[in-house]
Amino acid sequence: MLDQITVALLQFLLEFVTILTSLMIWCLFIWIILTYLVLFRAMRPDNPGFILFSQLARPILKPFRWARIGMIDLSPIVAFFVIQFVANTAIKAINYFLS
């Protein structure tokens, strides 16, 4: 049986993983939209918002840069799947210890 401090810590960890996953997914999604706006010249690449989201998305996408088909970059799609898989696995593990 887990004591109250351990349960509280696991619940905090569960919320932290959920929030971190959501932030990473939204960051990638906004970066994709901004990238298309720059591509279609609706926004300049030196826009501070684009620079911010590029700096946030680059470390997330770097391990998945191998996922290309010709000129099509599939790294955001692979990153979405991997982030979801890792988050769901962590959430299930935490819930297992909580029950």
# chains A, B, ... in the order shown; residues from 1 in each chain; ligands from 1
$ residues_around --residues "segment 7-23 of chain A" --least-positions-apart "3" --cutoff "9 Å" --atoms "only C-alpha atoms" --output "list in words"
Leu2, Asp3, Gln4, Trp26, Cys27, Leu28, Ile83, Gln84, Ala87, Asn88, Ala90, Ile91, Ile94, Asn95, Phe97 and Leu98 of chain A
$ select_by_dssp --residues "chain A" --states "strand (DSSP E or B)" --output "PDB file with N, CA and C atoms, in the first residue's frame"
ATOM      1  N   ARG A  68      12.076  11.266 -43.899  1.00  0.00           N
ATOM      2  CA  ARG A  68      11.802  12.061 -45.099  1.00  0.00           C
ATOM      3  C   ARG A  68      11.515  11.137 -46.274  1.00  0.00           C
ATOM      4  N   ILE A  69      10.600  11.600 -47.103  1.00  0.00           N
ATOM      5  CA  ILE A  69      10.344  10.922 -48.377  1.00  0.00           C
ATOM      6  C   ILE A  69      10.540  11.985 -49.441  1.00  0.00           C
ATOM      7  N   ILE A  72       9.493  15.663 -48.802  1.00  0.00           N
ATOM      8  CA  ILE A  72       8.446  15.707 -47.780  1.00  0.00           C
ATOM      9  C   ILE A  72       9.042  15.316 -46.432  1.00  0.00           C
ATOM     10  N   ASP A  73       8.916  16.199 -45.475  1.00  0.00           N
ATOM     11  CA  ASP A  73       9.448  15.959 -44.135  1.00  0.00           C
ATOM     12  C   ASP A  73       8.344  15.357 -43.269  1.00  0.00           C
TER      13      ASP A  73
END
$ residues_around --residues "segment 76-81 of chain A" --least-positions-apart "2" --cutoff "10 Å" --atoms "only C-alpha atoms" --output "PyMOL selection string"
chain A and resi 21+24-25+28-29+31-32+57+60-67+73-74+83-87
$ write_last_selection --atoms "N, CA and C atoms" --output "compact mmCIF listing (two decimals), in the first residue's frame"
# COMPACT_ATOMS: atom_id res chain seq x y z
N THR A 21 2.96 16.75 -22.40
CA THR A 21 2.58 16.17 -23.69
C THR A 21 1.72 17.14 -24.48
N MET A 24 3.86 20.01 -25.84
CA MET A 24 4.71 19.59 -26.96
C MET A 24 3.89 19.43 -28.24
N ILE A 25 2.72 18.83 -28.14
CA ILE A 25 1.86 18.65 -29.30
C ILE A 25 1.41 20.00 -29.86
N LEU A 28 4.31 21.84 -31.61
CA LEU A 28 4.56 21.31 -32.96
C LEU A 28 3.48 21.72 -33.93
N PHE A 29 2.23 21.68 -33.50
CA PHE A 29 1.12 22.05 -34.37
C PHE A 29 1.21 23.52 -34.80
N TRP A 31 3.92 25.35 -34.80
CA TRP A 31 5.11 25.50 -35.65
C TRP A 31 4.82 25.07 -37.08
N ILE A 32 4.06 23.99 -37.26
CA ILE A 32 3.70 23.54 -38.62
C ILE A 32 2.90 24.61 -39.34
N ALA A 57 10.48 23.92 -31.31
CA ALA A 57 10.18 22.69 -32.04
C ALA A 57 11.44 21.95 -32.49
N ILE A 60 12.61 19.04 -30.32
CA ILE A 60 11.64 17.94 -30.34
C ILE A 60 11.77 17.15 -31.64
N LEU A 61 11.99 17.83 -32.75
CA LEU A 61 12.01 17.18 -34.06
C LEU A 61 13.37 16.60 -34.43
N LYS A 62 14.43 17.05 -33.78
CA LYS A 62 15.78 16.65 -34.18
C LYS A 62 15.98 15.12 -34.25
N PRO A 63 15.50 14.33 -33.27
CA PRO A 63 15.71 12.88 -33.38
C PRO A 63 14.94 12.22 -34.52
N PHE A 64 13.98 12.94 -35.10
CA PHE A 64 13.13 12.34 -36.13
C PHE A 64 13.39 12.91 -37.53
N ARG A 65 14.48 13.63 -37.70
CA ARG A 65 14.78 14.25 -39.00
C ARG A 65 15.10 13.22 -40.09
N TRP A 66 15.29 11.97 -39.73
CA TRP A 66 15.55 10.93 -40.72
C TRP A 66 14.28 10.59 -41.50
N ALA A 67 13.11 10.99 -41.00
CA ALA A 67 11.84 10.60 -41.61
C ALA A 67 11.49 11.54 -42.76
N ASP A 73 8.92 16.20 -45.47
CA ASP A 73 9.45 15.96 -44.14
C ASP A 73 8.34 15.36 -43.27
N LEU A 74 8.53 14.13 -42.87
CA LEU A 74 7.55 13.43 -42.05
C LEU A 74 7.89 13.46 -40.56
N ILE A 83 5.54 10.87 -29.26
CA ILE A 83 5.16 11.61 -28.04
C ILE A 83 3.91 10.98 -27.43
N GLN A 84 2.92 10.70 -28.26
CA GLN A 84 1.69 10.08 -27.75
C GLN A 84 1.95 8.70 -27.16
N PHE A 85 2.77 7.90 -27.83
CA PHE A 85 3.07 6.56 -27.34
C PHE A 85 3.79 6.61 -26.00
N VAL A 86 4.81 7.44 -25.90
CA VAL A 86 5.58 7.54 -24.65
C VAL A 86 4.69 8.09 -23.53
N ALA A 87 3.88 9.10 -23.82
CA ALA A 87 3.01 9.68 -22.80
C ALA A 87 1.97 8.66 -22.34
$ atom_distance --atom1 "atom CA of Val82 of chain A" --atom2 "atom CA of Ser54 of chain A"
19.3 Å
$ atom_distance --atom1 "atom CA of Ala93 of chain A" --atom2 "atom CA of Ser75 of chain A"
26.6 Å
$ select_by_dssp --residues "chain A" --states "alpha helix (DSSP H)" --output "ChimeraX atom specification"
/A:4-39,48-61,75-98
$ atom_distance --atom1 "atom CA of Thr89 of chain A" --atom2 "atom CA of Pro59 of chain A"
21.5 Å
$ closest_residue --among "A:Ile30, A:Met43, A:Leu37, A:Ile5" --to "Leu56 of chain A" --atoms "only C-alpha atoms"
A:Ile30
$ residues_around --residues "Val38 of chain A" --least-positions-apart "4" --cutoff "12 Å" --atoms "only C-alpha atoms" --output "mmCIF file with C-alpha atoms, in the first residue's frame"
data_model
loop_
_atom_site.group_PDB
_atom_site.id
_atom_site.type_symbol
_atom_site.label_atom_id
_atom_site.label_comp_id
_atom_site.auth_asym_id
_atom_site.auth_seq_id
_atom_site.Cartn_x
_atom_site.Cartn_y
_atom_site.Cartn_z
ATOM 1 C CA TRP A 31 5.114 25.495 -35.647
ATOM 2 C CA ILE A 32 3.701 23.537 -38.615
ATOM 3 C CA ILE A 33 1.095 26.237 -39.284
ATOM 4 C CA LEU A 34 3.684 29.021 -38.984
ATOM 5 C CA ALA A 42 2.138 35.310 -45.469
ATOM 6 C CA MET A 43 4.733 35.762 -42.709
ATOM 7 C CA ARG A 44 8.394 36.658 -42.713
ATOM 8 C CA PRO A 45 10.917 34.133 -41.340
ATOM 9 C CA ASP A 46 12.343 36.775 -38.982
ATOM 10 C CA ASN A 47 8.991 37.105 -37.191
ATOM 11 C CA GLY A 49 6.689 34.250 -33.067
ATOM 12 C CA PHE A 50 8.078 32.037 -35.804
ATOM 13 C CA ILE A 51 11.568 32.201 -34.305
ATOM 14 C CA SER A 54 11.126 27.175 -34.317
#
